[in-house]
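Pasted below: run.cif, mmCIF, C-alpha atoms and all ligand atoms.
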```cif
data_start
loop_
_atom_site.group_PDB
_atom_site.id
_atom_site.type_symbol
_atom_site.label_atom_id
_atom_site.label_comp_id
_atom_site.auth_asym_id
_atom_site.auth_seq_id
_atom_site.Cartn_x
_atom_site.Cartn_y
_atom_site.Cartn_z
ATOM 1 C CA MET K 556 13.853 57.194 -7.308
ATOM 2 C CA ASN K 557 10.486 56.053 -5.995
ATOM 3 C CA ARG K 558 8.105 58.649 -4.630
ATOM 4 C CA ILE K 559 5.857 57.650 -1.784
ATOM 5 C CA LEU K 560 2.828 59.517 -0.514
ATOM 6 C CA ILE K 561 2.166 58.995 3.202
ATOM 7 C CA ALA K 562 -1.414 59.735 4.273
ATOM 8 C CA GLU K 563 -1.160 59.720 8.053
ATOM 9 C CA ASP K 564 -2.480 62.238 10.566
ATOM 10 C CA GLU K 565 -0.435 61.140 13.569
ATOM 11 C CA PRO K 566 2.785 63.193 13.350
ATOM 12 C CA ARG K 567 4.898 60.626 15.201
ATOM 13 C CA ILE K 568 3.942 57.785 12.878
ATOM 14 C CA ALA K 569 4.236 59.991 9.789
ATOM 15 C CA SER K 570 7.737 61.102 10.710
ATOM 16 C CA PHE K 571 8.752 57.549 11.689
ATOM 17 C CA LEU K 572 7.683 56.378 8.221
ATOM 18 C CA GLU K 573 9.291 59.331 6.487
ATOM 19 C CA LYS K 574 12.628 58.878 8.234
ATOM 20 C CA GLY K 575 12.745 55.158 7.537
ATOM 21 C CA LEU K 576 11.756 55.495 3.898
ATOM 22 C CA LYS K 577 14.181 58.345 3.261
ATOM 23 C CA ALA K 578 16.996 56.333 4.830
ATOM 24 C CA ASN K 579 16.180 53.630 2.283
ATOM 25 C CA GLY K 580 16.369 55.931 -0.702
ATOM 26 C CA PHE K 581 12.724 56.900 -1.184
ATOM 27 C CA THR K 582 11.297 60.381 -1.618
ATOM 28 C CA THR K 583 8.296 61.043 0.610
ATOM 29 C CA THR K 584 5.442 63.513 0.945
ATOM 30 C CA ILE K 585 3.096 63.582 3.926
ATOM 31 C CA ALA K 586 -0.639 64.278 3.684
ATOM 32 C CA LYS K 587 -2.225 65.050 7.082
ATOM 33 C CA ASP K 588 -5.829 64.485 6.144
ATOM 34 C CA ALA K 589 -7.983 62.737 3.558
ATOM 35 C CA GLU K 590 -8.572 65.761 1.319
ATOM 36 C CA GLU K 591 -4.896 66.557 1.130
ATOM 37 C CA ALA K 592 -4.168 62.910 0.344
ATOM 38 C CA ILE K 593 -6.658 62.870 -2.536
ATOM 39 C CA ASN K 594 -5.470 66.190 -3.953
ATOM 40 C CA LEU K 595 -1.815 65.223 -3.783
ATOM 41 C CA ALA K 596 -2.390 61.757 -5.205
ATOM 42 C CA LEU K 597 -4.336 63.147 -8.154
ATOM 43 C CA SER K 598 -2.100 66.118 -8.868
ATOM 44 C CA ASP K 599 1.311 64.549 -8.539
ATOM 45 C CA ASN K 600 3.044 61.503 -9.846
ATOM 46 C CA PHE K 601 3.559 59.130 -6.915
ATOM 47 C CA ASP K 602 4.658 55.510 -7.173
ATOM 48 C CA LEU K 603 2.889 54.249 -4.060
ATOM 49 C CA LEU K 604 0.506 55.398 -1.333
ATOM 50 C CA LEU K 605 0.661 54.415 2.335
ATOM 51 C CA LEU K 606 -2.877 55.052 3.523
ATOM 52 C CA ASP K 607 -3.972 55.292 7.152
ATOM 53 C CA LEU K 608 -7.659 54.366 7.480
ATOM 54 C CA GLY K 609 -8.395 56.671 10.415
ATOM 55 C CA LEU K 610 -7.897 60.051 8.731
ATOM 56 C CA PRO K 611 -9.526 63.415 9.445
ATOM 57 C CA LYS K 612 -12.233 64.659 7.020
ATOM 58 C CA LEU K 613 -12.881 61.345 5.264
ATOM 59 C CA ASP K 614 -12.388 57.694 6.089
ATOM 60 C CA GLY K 615 -9.352 56.112 4.421
ATOM 61 C CA LEU K 616 -11.615 53.618 2.659
ATOM 62 C CA GLU K 617 -13.356 56.551 0.989
ATOM 63 C CA VAL K 618 -10.009 57.951 -0.086
ATOM 64 C CA LEU K 619 -9.255 54.569 -1.627
ATOM 65 C CA GLU K 620 -12.580 54.486 -3.419
ATOM 66 C CA GLN K 621 -12.153 57.983 -4.835
ATOM 67 C CA LEU K 622 -8.626 57.364 -6.073
ATOM 68 C CA ARG K 623 -9.464 54.056 -7.735
ATOM 69 C CA GLY K 624 -12.638 55.659 -9.097
ATOM 70 C CA GLN K 625 -10.452 58.295 -10.772
ATOM 71 C CA GLY K 626 -8.470 55.528 -12.422
ATOM 72 C CA LEU K 627 -5.303 55.744 -10.312
ATOM 73 C CA THR K 628 -3.560 52.393 -10.546
ATOM 74 C CA PHE K 629 -0.466 52.848 -8.374
ATOM 75 C CA PRO K 630 -0.053 50.442 -5.438
ATOM 76 C CA ILE K 631 -1.845 51.382 -2.219
ATOM 77 C CA ILE K 632 -0.911 49.836 1.118
ATOM 78 C CA ILE K 633 -3.339 50.385 3.959
ATOM 79 C CA LEU K 634 -1.987 51.134 7.442
ATOM 80 C CA THR K 635 -4.336 50.803 10.313
ATOM 81 C CA ALA K 636 -4.863 49.897 13.904
ATOM 82 C CA ARG K 637 -8.112 48.176 12.959
ATOM 83 C CA ASP K 638 -7.380 44.504 12.612
ATOM 84 C CA ASP K 639 -10.980 43.633 11.961
ATOM 85 C CA ILE K 640 -11.444 41.209 9.069
ATOM 86 C CA ASN K 641 -14.286 43.332 7.663
ATOM 87 C CA ASP K 642 -11.965 46.284 7.232
ATOM 88 C CA LYS K 643 -9.430 44.069 5.526
ATOM 89 C CA VAL K 644 -11.988 42.719 3.127
ATOM 90 C CA ALA K 645 -13.379 46.197 2.460
ATOM 91 C CA GLY K 646 -9.896 47.592 1.857
ATOM 92 C CA LEU K 647 -8.856 44.841 -0.501
ATOM 93 C CA GLU K 648 -12.222 44.899 -2.232
ATOM 94 C CA GLY K 649 -11.833 48.655 -2.652
ATOM 95 C CA GLY K 650 -8.615 48.162 -4.549
ATOM 96 C CA ALA K 651 -5.866 48.247 -1.926
ATOM 97 C CA ASP K 652 -2.903 46.039 -2.753
ATOM 98 C CA ASP K 653 -1.788 45.216 0.722
ATOM 99 C CA TYR K 654 -2.551 45.744 4.368
ATOM 100 C CA VAL K 655 -0.339 46.392 7.398
ATOM 101 C CA THR K 656 -1.809 46.380 10.879
ATOM 102 C CA LYS K 657 -0.420 48.782 13.493
ATOM 103 C CA PRO K 658 1.787 48.344 15.373
ATOM 104 C CA PHE K 659 4.118 47.050 12.680
ATOM 105 C CA ARG K 660 7.870 46.685 12.361
ATOM 106 C CA PHE K 661 9.402 49.072 9.876
ATOM 107 C CA GLU K 662 11.239 46.190 8.172
ATOM 108 C CA GLU K 663 7.955 44.469 7.450
ATOM 109 C CA LEU K 664 6.464 47.595 5.940
ATOM 110 C CA LEU K 665 9.593 48.209 3.870
ATOM 111 C CA ALA K 666 9.488 44.660 2.491
ATOM 112 C CA ARG K 667 5.877 45.138 1.446
ATOM 113 C CA VAL K 668 6.584 48.528 -0.137
ATOM 114 C CA ARG K 669 9.435 47.034 -2.169
ATOM 115 C CA LEU K 670 7.359 44.035 -3.222
ATOM 116 C CA ARG K 671 4.452 46.201 -4.357
ATOM 117 C CA LEU K 672 6.722 48.547 -6.289
ATOM 118 C CA ARG K 673 8.449 45.622 -7.976
ATOM 119 C CA ASN K 674 5.132 44.022 -8.953
ATOM 120 C CA SER K 675 3.671 47.232 -10.324
ATOM 121 C CA GLN K 676 6.768 48.023 -12.358
ATOM 122 C CA SER K 677 7.080 44.553 -13.850
ATOM 123 C CA LEU K 678 3.442 44.449 -14.934
ATOM 124 C CA PRO K 679 2.948 44.630 -18.672
ATOM 125 C CA LYS K 680 1.478 47.995 -19.630
ATOM 126 C CA LYS K 681 -1.243 46.299 -21.628
ATOM 127 C CA GLN K 682 -3.029 43.014 -21.287
ATOM 128 C CA ASN K 683 -2.188 40.406 -23.860
ATOM 129 C CA GLU K 684 -4.386 41.572 -26.740
ATOM 130 C CA ALA K 685 -4.797 38.097 -28.183
ATOM 131 C CA LEU K 686 -6.301 36.657 -25.028
ATOM 132 C CA THR K 687 -9.614 38.414 -24.490
ATOM 133 C CA GLN K 688 -11.622 35.755 -22.714
ATOM 134 C CA LEU K 689 -11.472 32.504 -20.807
ATOM 135 C CA GLN K 690 -14.137 29.868 -21.255
ATOM 136 C CA VAL K 691 -14.937 26.822 -19.163
ATOM 137 C CA GLY K 692 -18.120 25.013 -20.183
ATOM 138 C CA ASN K 693 -20.876 27.606 -20.477
ATOM 139 C CA LEU K 694 -19.046 30.122 -18.281
ATOM 140 C CA ILE K 695 -17.096 32.895 -20.021
ATOM 141 C CA LEU K 696 -14.853 35.486 -18.389
ATOM 142 C CA ASN K 697 -14.199 38.589 -20.482
ATOM 143 C CA LEU K 698 -10.739 39.860 -19.556
ATOM 144 C CA HIS K 699 -11.355 43.320 -21.009
ATOM 145 C CA THR K 700 -14.725 44.179 -19.497
ATOM 146 C CA ARG K 701 -13.856 42.021 -16.447
ATOM 147 C CA LYS K 702 -17.354 40.575 -16.443
ATOM 148 C CA ALA K 703 -18.458 36.970 -16.327
ATOM 149 C CA ILE K 704 -21.043 35.706 -18.794
ATOM 150 C CA LEU K 705 -23.091 32.693 -17.756
ATOM 151 C CA LYS K 706 -25.664 31.376 -20.240
ATOM 152 C CA GLY K 707 -25.659 34.742 -22.001
ATOM 153 C CA GLN K 708 -26.181 36.685 -18.759
ATOM 154 C CA GLU K 709 -23.557 39.309 -17.827
ATOM 155 C CA ILE K 710 -22.384 39.270 -14.219
ATOM 156 C CA ASP K 711 -20.480 42.124 -12.559
ATOM 157 C CA LEU K 712 -17.440 41.163 -10.516
ATOM 158 C CA PRO K 713 -15.535 43.396 -8.073
ATOM 159 C CA ALA K 714 -11.739 43.236 -8.434
ATOM 160 C CA LYS K 715 -10.961 40.348 -6.110
ATOM 161 C CA GLU K 716 -13.882 38.212 -7.266
ATOM 162 C CA PHE K 717 -12.677 38.717 -10.837
ATOM 163 C CA SER K 718 -9.111 37.702 -9.921
ATOM 164 C CA LEU K 719 -10.307 34.661 -8.026
ATOM 165 C CA LEU K 720 -12.512 33.509 -10.901
ATOM 166 C CA GLU K 721 -9.724 34.207 -13.389
ATOM 167 C CA THR K 722 -7.421 31.990 -11.316
ATOM 168 C CA PHE K 723 -9.980 29.178 -11.241
ATOM 169 C CA MET K 724 -10.740 29.490 -14.951
ATOM 170 C CA SER K 725 -7.053 29.366 -15.826
ATOM 171 C CA HIS K 726 -6.910 25.997 -14.048
ATOM 172 C CA PRO K 727 -10.213 24.228 -14.763
ATOM 173 C CA GLU K 728 -10.786 20.839 -13.161
ATOM 174 C CA GLN K 729 -7.658 21.384 -11.097
ATOM 175 C CA VAL K 730 -7.725 21.408 -7.313
ATOM 176 C CA MET K 731 -6.418 24.725 -5.981
ATOM 177 C CA THR K 732 -5.354 24.944 -2.356
ATOM 178 C CA ARG K 733 -6.315 27.918 -0.191
ATOM 179 C CA GLU K 734 -2.649 28.887 -0.051
ATOM 180 C CA GLN K 735 -2.356 28.908 -3.849
ATOM 181 C CA LEU K 736 -5.478 31.026 -4.148
ATOM 182 C CA LEU K 737 -4.338 33.448 -1.433
ATOM 183 C CA ASP K 738 -0.987 33.766 -3.111
ATOM 184 C CA ARG K 739 -2.355 34.352 -6.602
ATOM 185 C CA VAL K 740 -5.291 36.591 -5.795
ATOM 186 C CA TRP K 741 -4.198 38.479 -2.713
ATOM 187 C CA GLY K 742 -0.553 38.220 -3.597
ATOM 188 C CA PHE K 743 0.997 38.307 -0.163
ATOM 189 C CA ASP K 744 1.435 36.238 2.878
ATOM 190 C CA TYR K 745 -2.006 36.471 4.409
ATOM 191 C CA ASP K 746 -2.720 35.124 7.869
ATOM 192 C CA PRO K 747 -3.043 31.359 7.190
ATOM 193 C CA GLY K 748 -5.975 31.287 9.611
ATOM 194 C CA SER K 749 -7.843 33.801 7.471
ATOM 195 C CA ASN K 750 -11.072 32.630 5.889
ATOM 196 C CA ILE K 751 -10.953 35.229 3.121
ATOM 197 C CA VAL K 752 -10.719 32.594 0.354
ATOM 198 C CA ASP K 753 -13.834 30.837 1.662
ATOM 199 C CA VAL K 754 -15.667 34.153 1.949
ATOM 200 C CA TYR K 755 -14.904 35.001 -1.678
ATOM 201 C CA VAL K 756 -15.709 31.528 -2.975
ATOM 202 C CA GLY K 757 -19.058 32.092 -1.261
ATOM 203 C CA TYR K 758 -19.524 35.386 -3.153
ATOM 204 C CA LEU K 759 -18.781 33.661 -6.478
ATOM 205 C CA ARG K 760 -21.149 30.792 -5.730
ATOM 206 C CA LYS K 761 -23.921 33.279 -5.009
ATOM 207 C CA LYS K 762 -23.437 34.784 -8.457
ATOM 208 C CA LEU K 763 -22.567 31.710 -10.507
ATOM 209 C CA GLY K 764 -24.477 28.939 -8.749
ATOM 210 C CA THR K 765 -23.313 26.591 -6.033
ATOM 211 C CA ASN K 766 -22.115 23.800 -8.357
ATOM 212 C CA VAL K 767 -19.535 25.779 -10.293
ATOM 213 C CA ILE K 768 -16.878 25.675 -7.586
ATOM 214 C CA ARG K 769 -16.607 22.396 -5.732
ATOM 215 C CA THR K 770 -15.149 22.112 -2.224
ATOM 216 C CA VAL K 771 -12.374 19.538 -1.946
ATOM 217 C CA ARG K 772 -12.487 18.778 1.737
ATOM 218 C CA GLY K 773 -9.292 19.511 3.608
ATOM 219 C CA VAL K 774 -7.537 20.691 0.441
ATOM 220 C CA GLY K 775 -9.232 23.593 -1.292
ATOM 221 C CA TYR K 776 -11.480 24.192 -4.278
ATOM 222 C CA CYS K 777 -11.924 23.065 -7.847
ATOM 223 C CA LEU K 778 -13.740 24.716 -10.772
ATOM 224 C CA LYS K 779 -16.006 22.220 -12.491
ATOM 225 C CA GLN K 780 -16.612 22.090 -16.198
ATOM 226 C CA SER K 781 -20.362 22.335 -16.542
ATOM 227 C CA GLY K 782 -22.990 22.562 -19.259
HETATM 228 CA CA CA K 801 -4.988 58.079 12.087
#
```

Go ahead and render the structure in this file as structure tokens.
Amino acid sequence: MNRILIAEDEPRIASFLEKGLKANGFTTTIAKDAEEAINLALSDNFDLLLLDLGLPKLDGLEVLEQLRGQGLTFPIIILTARDDINDKVAGLEGGADDYVTKPFRFEELLARVRLRLRNSQSLPKKQNEALTQLQVGNLILNLHTRKAILKGQEIDLPAKEFSLLETFMSHPEQVMTREQLLDRVWGFDYDPGSNIVDVYVGYLRKKLGTNVIRTVRGVGYCLKQSG
């Protein structure tokens, strides 16, 4: 049975989530503030965290940062009334797996919970040992340290930048559409009007140079073999 931690300070929403999840066979625990959420998440063995961003004591994004910083890898779905793109980017950058904006339909949340649990349980426990790096031209991506190496220079990459570059480097010289990139890197049905792919391509270009990823107008992007 899957155990879900609900970090939500509004009693009505917390009990709405708890009732719905219990009716669908999950076990739930409610944390009413950020400290409780962190303590529970670290001390007990949960399968997934539903994390409200507006929590007493600490911001939900800080909770996220602390938990990922402690090496917790279970799926985290952010729940929030803030539909600002900056919060979305910050949440996903901070290691959240998914994002649900309030108000939401319970069915939508349930579908996302199930998807995240399925993905996390089907993941191999260890990366393929044989494959330790990808190389395209003079650009190397180390899959263990999760750093890029360009002309001998190590470059740090936050989680989503790493995933995006990994996707490009697995398909060099191939045009990738925004939808393909969204699907592979963010892994869920993002708002098709979102410019998150473009924002992250911009981050990679800043670090790797503007010529590495070419824009294919009206289609998407393509990683060029250089050097
Ligand atoms: Ca709240």

Practice task
To one decimal in Å, tell me the separation between atom CA of K:Phe723 and atom CA of K:Leu647.
Solution key: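 Going from atom CA of K:Phe723 over to atom CA of K:Leu647 covers 19.0 Å.
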
Item to check | Coordinates-based distance that separates atom CA of K:Glu573 from atom CA of K:Leu622 (Å, one decimal) | outcome: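 If I compute the distance from atom CA of K:Leu622 to atom CA of K:Glu573, I get 22.0 Å.
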
**Study point:** Selection near stretch 729-741 of chain K, 6 Å with all atoms listed in the file, sequence-local residues under 2 positions removed, as a PyMOL selection string
**Key:** chain K and resi 718-719+726-727+743+774-777

What lies within 10 Å of K:Thr583 using all atoms listed in the file, ignoring chain neighbours under 5 positions off, as a PDB file with C-alpha atoms, in the frame of the given file?
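Below you can see out-v9.pdb, which holds the result:
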```
ATOM      1  CA  ASN K 557      10.486  56.053  -5.995  1.00  0.00           C
ATOM      2  CA  ARG K 558       8.105  58.649  -4.630  1.00  0.00           C
ATOM      3  CA  ILE K 559       5.857  57.650  -1.784  1.00  0.00           C
ATOM      4  CA  LEU K 560       2.828  59.517  -0.514  1.00  0.00           C
ATOM      5  CA  ILE K 561       2.166  58.995   3.202  1.00  0.00           C
ATOM      6  CA  LEU K 572       7.683  56.378   8.221  1.00  0.00           C
ATOM      7  CA  GLU K 573       9.291  59.331   6.487  1.00  0.00           C
ATOM      8  CA  LYS K 574      12.628  58.878   8.234  1.00  0.00           C
ATOM      9  CA  LEU K 576      11.756  55.495   3.898  1.00  0.00           C
ATOM     10  CA  LYS K 577      14.181  58.345   3.261  1.00  0.00           C
ATOM     11  CA  PHE K 601       3.559  59.130  -6.915  1.00  0.00           C
ATOM     12  CA  LEU K 603       2.889  54.249  -4.060  1.00  0.00           C
ATOM     13  CA  LEU K 604       0.506  55.398  -1.333  1.00  0.00           C
TER      14      LEU K 604
END
```

I'd like the contact shell of K:Asp602 - 12 Å cut-off, all atoms listed in the file, skipping same-chain residues fewer than 6 positions apart - returned as a PyMOL selection string. chain K and resi 556-561+581-584+596+627-632+668-669+671-676

To verify the selection step, state as a PDB file with C-alpha atoms, keeping the file's coordinate frame which residues the PyMOL selection byres (((not hetatm)) within 7 of (chain K and resi 801)) yields on this input.
```pdb
ATOM      1  CA  GLU K 563      -1.160  59.720   8.053  1.00  0.00           C
ATOM      2  CA  ASP K 564      -2.480  62.238  10.566  1.00  0.00           C
ATOM      3  CA  GLU K 565      -0.435  61.140  13.569  1.00  0.00           C
ATOM      4  CA  ASP K 607      -3.972  55.292   7.152  1.00  0.00           C
ATOM      5  CA  LEU K 608      -7.659  54.366   7.480  1.00  0.00           C
ATOM      6  CA  GLY K 609      -8.395  56.671  10.415  1.00  0.00           C
ATOM      7  CA  LEU K 610      -7.897  60.051   8.731  1.00  0.00           C
TER       8      LEU K 610
END
```

For stretch 619-621 of chain K: contacts at 10 Å, all atoms listed in the file, fewer than 4 positions along chain excluded, given as a VMD selection string:
chain K and resid 589 592 to 593 597 604 606 608 614 to 615 625 to 627 631 to 633 646 to 651

**Report entry** Polymer residues at most 8 Å from stretch 696-713 of chain K, all atoms listed in the file, same-chain spacing of 6 or more positions, as a list of chain:residue names
**Finding:**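 That gives K:Glu648, K:Leu686, K:Thr687, K:Gln688, K:Leu689, K:Gln690, K:Glu721, K:Lys762, K:Leu763.
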
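For the pair atom CA of K:Lys587 and atom CA of K:Asp638, the separation is 21.9 Å.
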
Of K:Asp639, K:Asp652, K:Asp746, K:Glu716, the one sitting nearest K:Arg623 when using all atoms listed in the file is K:Asp652

Problem - Residues selected by the PyMOL selection byres (((chain K and resi 756) around 9) and not hetatm), written as a PyMOL selection string - result: chain K and resi 716+719-720+751-755+757-761+768+776

key: Pick from K:Ser598, K:Gln780, K:Thr765, K:Thr656, whichever lies nearest to K:Ile695 using all atoms listed in the file   =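 For K:Ile695, the nearest of the candidates is K:Gln780.
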
*K:Asn579, K:Asn600, K:Ser725, K:Asn693: which is nearest K:Glu662, counting all atoms listed in the file?*
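For K:Glu662, the nearest of the given residues is K:Asn579.
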
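Nearest residue to K:Leu670 among K:Val618, K:Gly575, K:Gly742, K:Ala586 is K:Gly742, counting only C-alpha atoms.
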